[in-house]
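Enquirer: Just passing along the structure, written as structure tokens.
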Amino acid sequence: MQWEGAPVSADVQQFQVDLRGVVDLLSRHIYSSPRVYLRELLQNARDAITARREVDGGGGRIRITPLTAENGEFVLRDDGVGLTASEVADLLATVGRSSKRDIFDLPRSDYLGQFGIGLLSCFMVADTIVIRSRSAKGGASVEWTGSADGTFQVSEIDEELPIGTSVHLVPRFDADELLRPAAVHELATTFGEFLPVRVTVDAPGGDVDITRDPPFLDPADDLEAAVVYGRDMLGAAPLDVIELAESATGTRGLAYVLPYAPPPGARQATRMYLGRMLLSERVDDVLPDWAFFVRAVVDSTGLAPTASRESLVEDAALERVREQLGAGIRRWVLELGLREPHRLAQFVAVHEVGLKSLVRHDEELARFITRWLTVETTHGTMRIGDLVERYPHIRYAQSVDEFRQVAGISPADEVLVNGGYLYDADLIRMLPELHPHVSVEQVDVTGELDRLDPPPLDDRDAAVALEARAGAVLAASDCSVVVRSIDRPDLAGLYVADPEVLRAIDRGRTKGVTGALWGGVLDRIDRTLSTAREDDLRARLCLNWSNRVVRALVRVQDDAVFARTVQLLYIQALLAGHHPLGDADRALMTSALSDLVSLSAGLEGDSIPFGDAH
């Protein structure tokens, strides 16, 4: 069938493509929902108005009449450039190709190509489509009627229509609601709220104006409106508003800094407009992956949409936009740190876990944000920037338990970082890459204990005797005793246990409350480990020779007083190290306190003999 230059007639014609197959392809594989029919019609109308302005400077309004019981059809009218008879022939040649694939190879930037795809999308909601048009270039009015059965008619009509185009839809049985007032108003607002032409929807009380100025394109004109828009989008007031721009593609918008931490693993999502027409509520490739802490709204005139007009083509233009918008967000972080460090601290406090997670894999983010992140140290919570400036050598413990134990014996002139919190150990390990002058060292409990000095040579015999005597007291608690000199006179004792010992203790507690099957599994684990490390699977109470209570213990002759004091030092060390007390530990603490009170009051008969302490 030859359309180019053919006379327009009212004869019934047949599409040269399988129309039902094309509509099925549209609804199942191209568009996410039949709701997009109205977006396609609005886009066609907007393009027609743009084209008319180039012809005679006129046009600028789109009017929508929803389906009602009274009118029986949905109508969308525009005062754009309209179609001539020859353009209708070209359009039918375009949509009348023999291949489904060819239809989606059409250049969407071409007016007729765009119009053709928009026309086909209407078959997702309508059984019959009627298009009436009169061109601003002159000529007769034209009417095209297409049916879902694959037939169409074209004719010139005598009626002198206003310049522009009207699309009339008779709904399919399953799409009736999408053409009615409630859905039409919602869809028109969603897709066309910020179009640079006037869009109105007919209502019983008169026309309802849909369009308004986009508050995210010129925030300086009305910053309050921009903030209100962000609050509506986030559901809460944003921490800050960042202007975004990339001039080469005409891309502009705002990034709203989230006032709450997003769910773990959440990616940033951008509300994307093309030429102020909504593309999608959630486009995830406009900003860098690391910008999870913002939600952006962006409009562009230079980025290319995919065939569905629901996402963007991944090309060099999009890559440049992503790079430039990311640079704008990075610049905000740096400037905030210089101008308002307290606000940057607030931002980091909200998003710190997510930032720590990302900097491990994103070198770009790591280089400008790591210095603001914080870690727990033996000198309090510190920013990484301050940490690397003050300490060229940084020591860290892999777990919270190890940190608590080692912190008690760490030299005051050194710094120890708690690497037990989520991502903190990874963060410390990568510091030499970011700050070449910094070195890091992982410490463990056993190694730190070996670093401690034994008591002076003159006191060595007394210390060894104290170790043996106190060790006998705590034998039933599976805790040995060592005596070392720690430069902290206020510290009497330190409970020391490497991670494997702590896990063994936890297994022992679990066996006491679990069933036979699980208890048997834990027994087998304990037997395997005890065979390999029988001598090592014990905790140690490290008594500080610099503490006067410990030194006084050497002179205590009364075995009962000595035993109860050692037991209380053991309990005190457990509590100081934030270790949970088991039932036996609590009973030991109660009996030791009771016995010491009895002994101090001279009630010898009420005390428990040393040999019965456990």
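Each chain in the structure tokens gets a letter, A, B, ..., in the order shown, and its residues are numbered from 1; ligands are numbered from 1 in order too.
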Please provide as a list in words all residues within 8 Å of Ala45 (chain A), with the sequence filter that same-chain residues fewer than 5 positions apart are discarded (counting only C-alpha atoms).

Expert: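 Here the answer would be Ile62, Arg77, Asp78, Gly80 and Thr165 of chain A.
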
Enquirer: Would you save the residues from that selection as a compact mmCIF listing (two decimals), in the first residue's frame, using N, CA, C and O atoms?

Expert:
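Contents of result_18.txt, as written:
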# COMPACT_ATOMS: atom_id res chain seq x y z
N ILE A 62 -4.09 23.18 26.30
CA ILE A 62 -4.59 21.81 26.17
C ILE A 62 -5.81 21.69 27.07
O ILE A 62 -5.76 22.06 28.24
N ARG A 77 -8.10 18.12 23.56
CA ARG A 77 -7.98 19.11 22.48
C ARG A 77 -6.72 19.96 22.72
O ARG A 77 -6.41 20.30 23.86
N ASP A 78 -6.05 20.29 21.62
CA ASP A 78 -4.95 21.25 21.70
C ASP A 78 -5.10 22.26 20.58
O ASP A 78 -5.77 22.00 19.57
N GLY A 80 -2.55 23.35 18.84
CA GLY A 80 -1.23 23.27 18.22
C GLY A 80 -1.28 23.37 16.71
O GLY A 80 -2.27 23.82 16.13
N THR A 165 -5.80 20.02 17.12
CA THR A 165 -6.17 18.61 17.02
C THR A 165 -7.00 18.20 18.23
O THR A 165 -6.72 18.64 19.36

Enquirer: If you count only C-alpha atoms, which residues fall within 12 Å of Tyr423 (chain A), apart from same-chain ones fewer than 5 positions away, as an MDAnalysis selection string?

Expert: chainID A and resid 352:361 373:375 398:399 418 428:430

Enquirer: So that I have them on file, write out the residues from the current selection with all heavy atoms, as a short mmCIF file (atom, residue, chain, number, x, y, z; two decimals), in the first residue's frame.

Expert:
data_model
loop_
_atom_site.label_atom_id
_atom_site.label_comp_id
_atom_site.auth_asym_id
_atom_site.auth_seq_id
_atom_site.Cartn_x
_atom_site.Cartn_y
_atom_site.Cartn_z
N GLU A 352 25.54 8.34 58.91
CA GLU A 352 26.90 7.83 59.08
C GLU A 352 27.04 6.36 58.70
O GLU A 352 28.00 5.98 58.02
CB GLU A 352 27.37 8.05 60.52
CG GLU A 352 28.83 7.70 60.71
CD GLU A 352 29.45 8.41 61.90
OE1 GLU A 352 28.74 8.64 62.89
OE2 GLU A 352 30.64 8.73 61.83
N VAL A 353 26.11 5.52 59.11
CA VAL A 353 26.26 4.09 58.80
C VAL A 353 26.25 3.86 57.29
O VAL A 353 27.07 3.12 56.75
CB VAL A 353 25.13 3.28 59.47
CG1 VAL A 353 25.18 1.82 59.00
CG2 VAL A 353 25.27 3.33 60.99
N GLY A 354 25.33 4.52 56.59
CA GLY A 354 25.29 4.39 55.14
C GLY A 354 26.54 4.92 54.47
O GLY A 354 27.06 4.33 53.51
N LEU A 355 27.06 6.04 54.97
CA LEU A 355 28.29 6.61 54.41
C LEU A 355 29.47 5.66 54.63
O LEU A 355 30.30 5.45 53.74
CB LEU A 355 28.57 7.98 55.03
CG LEU A 355 27.59 9.09 54.67
CD1 LEU A 355 27.82 10.31 55.55
CD2 LEU A 355 27.71 9.47 53.20
N LYS A 356 29.56 5.09 55.83
CA LYS A 356 30.65 4.16 56.11
C LYS A 356 30.57 2.92 55.22
O LYS A 356 31.59 2.38 54.80
CB LYS A 356 30.61 3.75 57.60
CG LYS A 356 31.09 4.82 58.55
CD LYS A 356 31.03 4.34 59.99
CE LYS A 356 31.56 5.41 60.95
NZ LYS A 356 31.50 4.96 62.37
N SER A 357 29.36 2.49 54.95
CA SER A 357 29.20 1.33 54.08
C SER A 357 29.69 1.63 52.67
O SER A 357 30.39 0.82 52.05
CB SER A 357 27.72 0.92 54.04
OG SER A 357 27.50 -0.08 53.07
N LEU A 358 29.37 2.83 52.17
CA LEU A 358 29.71 3.14 50.79
C LEU A 358 31.18 3.49 50.59
O LEU A 358 31.76 3.16 49.55
CB LEU A 358 28.85 4.31 50.30
CG LEU A 358 27.48 3.94 49.75
CD1 LEU A 358 26.76 5.17 49.25
CD2 LEU A 358 27.59 2.92 48.63
N VAL A 359 31.80 4.18 51.55
CA VAL A 359 33.18 4.61 51.34
C VAL A 359 34.13 3.42 51.18
O VAL A 359 35.21 3.55 50.60
CB VAL A 359 33.69 5.53 52.47
CG1 VAL A 359 32.90 6.80 52.54
CG2 VAL A 359 33.70 4.81 53.82
N ARG A 360 33.72 2.24 51.65
CA ARG A 360 34.58 1.06 51.50
C ARG A 360 34.74 0.67 50.03
O ARG A 360 35.72 0.04 49.65
CB ARG A 360 33.99 -0.12 52.26
CG ARG A 360 33.85 0.13 53.76
CD ARG A 360 33.13 -1.04 54.41
NE ARG A 360 31.85 -1.29 53.80
CZ ARG A 360 31.29 -2.49 53.67
NH1 ARG A 360 31.96 -3.56 54.10
NH2 ARG A 360 30.13 -2.64 53.11
N HIS A 361 33.77 1.05 49.20
CA HIS A 361 33.79 0.63 47.80
C HIS A 361 33.83 1.80 46.83
O HIS A 361 33.93 1.59 45.63
CB HIS A 361 32.54 -0.22 47.49
CG HIS A 361 32.29 -1.30 48.49
ND1 HIS A 361 33.13 -2.38 48.64
CD2 HIS A 361 31.31 -1.47 49.40
CE1 HIS A 361 32.67 -3.17 49.59
NE2 HIS A 361 31.57 -2.65 50.07
N LEU A 373 33.61 11.43 59.16
CA LEU A 373 33.02 10.29 59.88
C LEU A 373 33.68 10.13 61.24
O LEU A 373 34.82 10.58 61.45
CB LEU A 373 33.19 9.02 59.05
CG LEU A 373 32.58 9.05 57.65
CD1 LEU A 373 32.89 7.77 56.89
CD2 LEU A 373 31.08 9.29 57.71
N THR A 374 33.00 9.48 62.17
CA THR A 374 33.51 9.38 63.54
C THR A 374 33.70 7.92 63.94
O THR A 374 33.05 7.02 63.40
CB THR A 374 32.55 10.04 64.54
OG1 THR A 374 31.29 9.36 64.51
CG2 THR A 374 32.35 11.51 64.22
N VAL A 375 34.61 7.72 64.88
CA VAL A 375 34.84 6.40 65.46
C VAL A 375 35.02 6.56 66.97
O VAL A 375 35.39 7.64 67.46
CB VAL A 375 36.10 5.71 64.86
CG1 VAL A 375 35.85 5.28 63.42
CG2 VAL A 375 37.32 6.61 64.96
N GLN A 398 39.42 -5.43 66.78
CA GLN A 398 38.47 -5.91 65.79
C GLN A 398 37.05 -6.00 66.33
O GLN A 398 36.09 -5.85 65.59
CB GLN A 398 38.91 -7.30 65.29
CG GLN A 398 38.03 -7.91 64.22
CD GLN A 398 38.17 -7.22 62.88
OE1 GLN A 398 39.19 -6.61 62.58
NE2 GLN A 398 37.12 -7.28 62.07
N SER A 399 36.90 -6.24 67.63
CA SER A 399 35.57 -6.40 68.21
C SER A 399 35.39 -5.46 69.40
O SER A 399 36.35 -4.95 69.97
CB SER A 399 35.36 -7.85 68.67
OG SER A 399 36.19 -8.13 69.79
N ASN A 418 37.88 1.53 68.44
CA ASN A 418 36.94 0.41 68.53
C ASN A 418 36.46 0.07 67.12
O ASN A 418 35.64 0.78 66.54
CB ASN A 418 35.76 0.80 69.42
CG ASN A 418 34.80 -0.36 69.64
OD1 ASN A 418 34.95 -1.43 69.06
ND2 ASN A 418 33.80 -0.14 70.49
N ILE A 428 39.02 1.87 59.21
CA ILE A 428 40.37 2.11 59.74
C ILE A 428 41.43 1.47 58.84
O ILE A 428 42.49 2.07 58.57
CB ILE A 428 40.49 1.57 61.18
CG1 ILE A 428 39.54 2.35 62.11
CG2 ILE A 428 41.92 1.67 61.69
CD1 ILE A 428 39.80 3.84 62.16
N ARG A 429 41.15 0.29 58.34
CA ARG A 429 42.14 -0.40 57.49
C ARG A 429 42.42 0.35 56.19
O ARG A 429 43.51 0.22 55.62
CB ARG A 429 41.65 -1.82 57.18
CG ARG A 429 41.92 -2.82 58.31
CD ARG A 429 41.70 -4.25 57.85
NE ARG A 429 40.30 -4.54 57.64
CZ ARG A 429 39.50 -5.07 58.55
NH1 ARG A 429 39.96 -5.36 59.75
NH2 ARG A 429 38.23 -5.32 58.28
N MET A 430 41.46 1.13 55.70
CA MET A 430 41.68 1.83 54.44
C MET A 430 42.33 3.21 54.63
O MET A 430 42.65 3.88 53.65
CB MET A 430 40.35 1.99 53.69
CG MET A 430 39.34 2.91 54.35
SD MET A 430 37.74 2.93 53.47
CE MET A 430 38.21 3.81 51.98
#

Enquirer: Quick one: DSSP alpha helix (DSSP H) residues in region 133-287 of chain A, as a PyMOL selection string?

Expert: chain A and resi 181-192+223-234

Enquirer: Within 12 Å of Ala407 (chain A), counting only C-alpha atoms, which residues qualify if same-chain residues fewer than 2 places away don't, as a PyMOL selection string?

Expert: chain A and resi 376-380+395-397+399-405+409-412+414-418+443-445+448-449+486+488+491+494-496+576-577

Enquirer: With distances taken over only C-alpha atoms, which residue among A:Leu239, A:Val257, A:Leu42, A:Leu223 lies nearest Glu193 (chain A)?

Expert: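 With only C-alpha atoms as the atom set, the closest residue is A:Leu42.
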
Enquirer: Name the closest residue to Cys122 (chain A) among the candidates A:Gly150, A:Pro34, A:Gly164, A:Gly192; distances are taken between atoms, counting only C-alpha atoms.

Expert: A:Pro34

Enquirer: Using DSSP secondary structure from the backbone, list all strand (DSSP E or B) positions within region 144-203 of chain A, as number ranges by chain.

Expert: A: 144-147, 151-157, 164-171, 198-201

Enquirer: Neighbours of Pro454 (chain A) within 9 Å (only C-alpha atoms; same-chain residues fewer than 3 positions away dropped), as a list in words?

Expert: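 Using only C-alpha atoms, the neighbours found are Leu457, Arg460, Ala463, Val483, Arg484, Ser485, Ile486 and Trp545 of chain A.
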
Enquirer: Could you work out how far CA of Gly582 (chain A) lies from CA of Leu553 (chain A), giving the answer in Å with one decimal?

Expert: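 CA of Gly582 (chain A) lies 25.9 Å from CA of Leu553 (chain A).
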
Enquirer: Compile the contact shell of Thr190 (chain A) as number ranges by chain: residues with an atom at most 9 Å away, counting only C-alpha atoms, same-chain residues fewer than 2 positions apart removed.

Expert: A: 39, 185-188, 192-193, 277-278

Enquirer: Could you check how far CA of Leu581 (chain A) sits from CA of Ala563 (chain A), in Å to one decimal?

Expert: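 Computing it gives 18.9 Å between the two atoms.
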
Enquirer: Using only C-alpha atoms, pick whichever of A:Val550, A:Val36, A:Ala69, A:Val170 has the shortest atom-to-atom distance to Gly118 (chain A).

Expert: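 Ranked by minimum distance to Gly118 (chain A), first place goes to A:Val36.
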
Enquirer: Which residue, A:Arg180, A:His342, A:Arg252, A:Arg52, has the smallest gap to Leu38 (chain A) when you use only C-alpha atoms?

Expert: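 Among A:Arg180, A:His342, A:Arg252, A:Arg52, it is A:Arg180 that comes nearest to Leu38 (chain A).
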
Enquirer: Identify, on the basis of only C-alpha atoms, every residue whose closest approach to Thr565 (chain A) does not exceed 12 Å; exclude the query and any residue fewer than 2 positions from it along the same chain; express the result as a VMD selection string.

Expert: chain A and resid 470 473 to 474 492 to 493 549 to 550 552 to 554 556 558 to 563 567 to 572 588 to 589 591 to 597 599 610 613

Enquirer: Which neighbours of Val81 (chain A) fall inside 8 Å, counting only C-alpha atoms, when residues of the same chain fewer than 4 positions from it are skipped, and could you give them as a list in words?

Expert: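 After dropping sequence-adjacent residues, the list is Ala48, Ile49, Thr50, Ala51, Arg52, Arg53, Val55, Gly59, Arg134, Ser135, Ala136, Lys137, Ile163, Gly164 and Thr165 of chain A.
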
Enquirer: What does the distance from CA of Val201 (chain A) to CA of Arg63 (chain A) come to in Å, to one decimal?

Expert: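 CA of Arg63 (chain A) lies at a distance of 5.9 Å from CA of Val201 (chain A).
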
Enquirer: Which of these, A:Asp299, A:Glu243, A:Glu143, A:Glu73, has the shortest distance to Ser280 (chain A) once you count only C-alpha atoms?

Expert: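 Residue with the minimum atom-to-atom distance to Ser280 (chain A): A:Asp299.
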
Enquirer: With only C-alpha atoms as the basis for distance, which of A:Pro196, A:Gly326, A:Gly58, A:Gly253 is at the shortest distance from Gln43 (chain A)?

Expert: A:Pro196
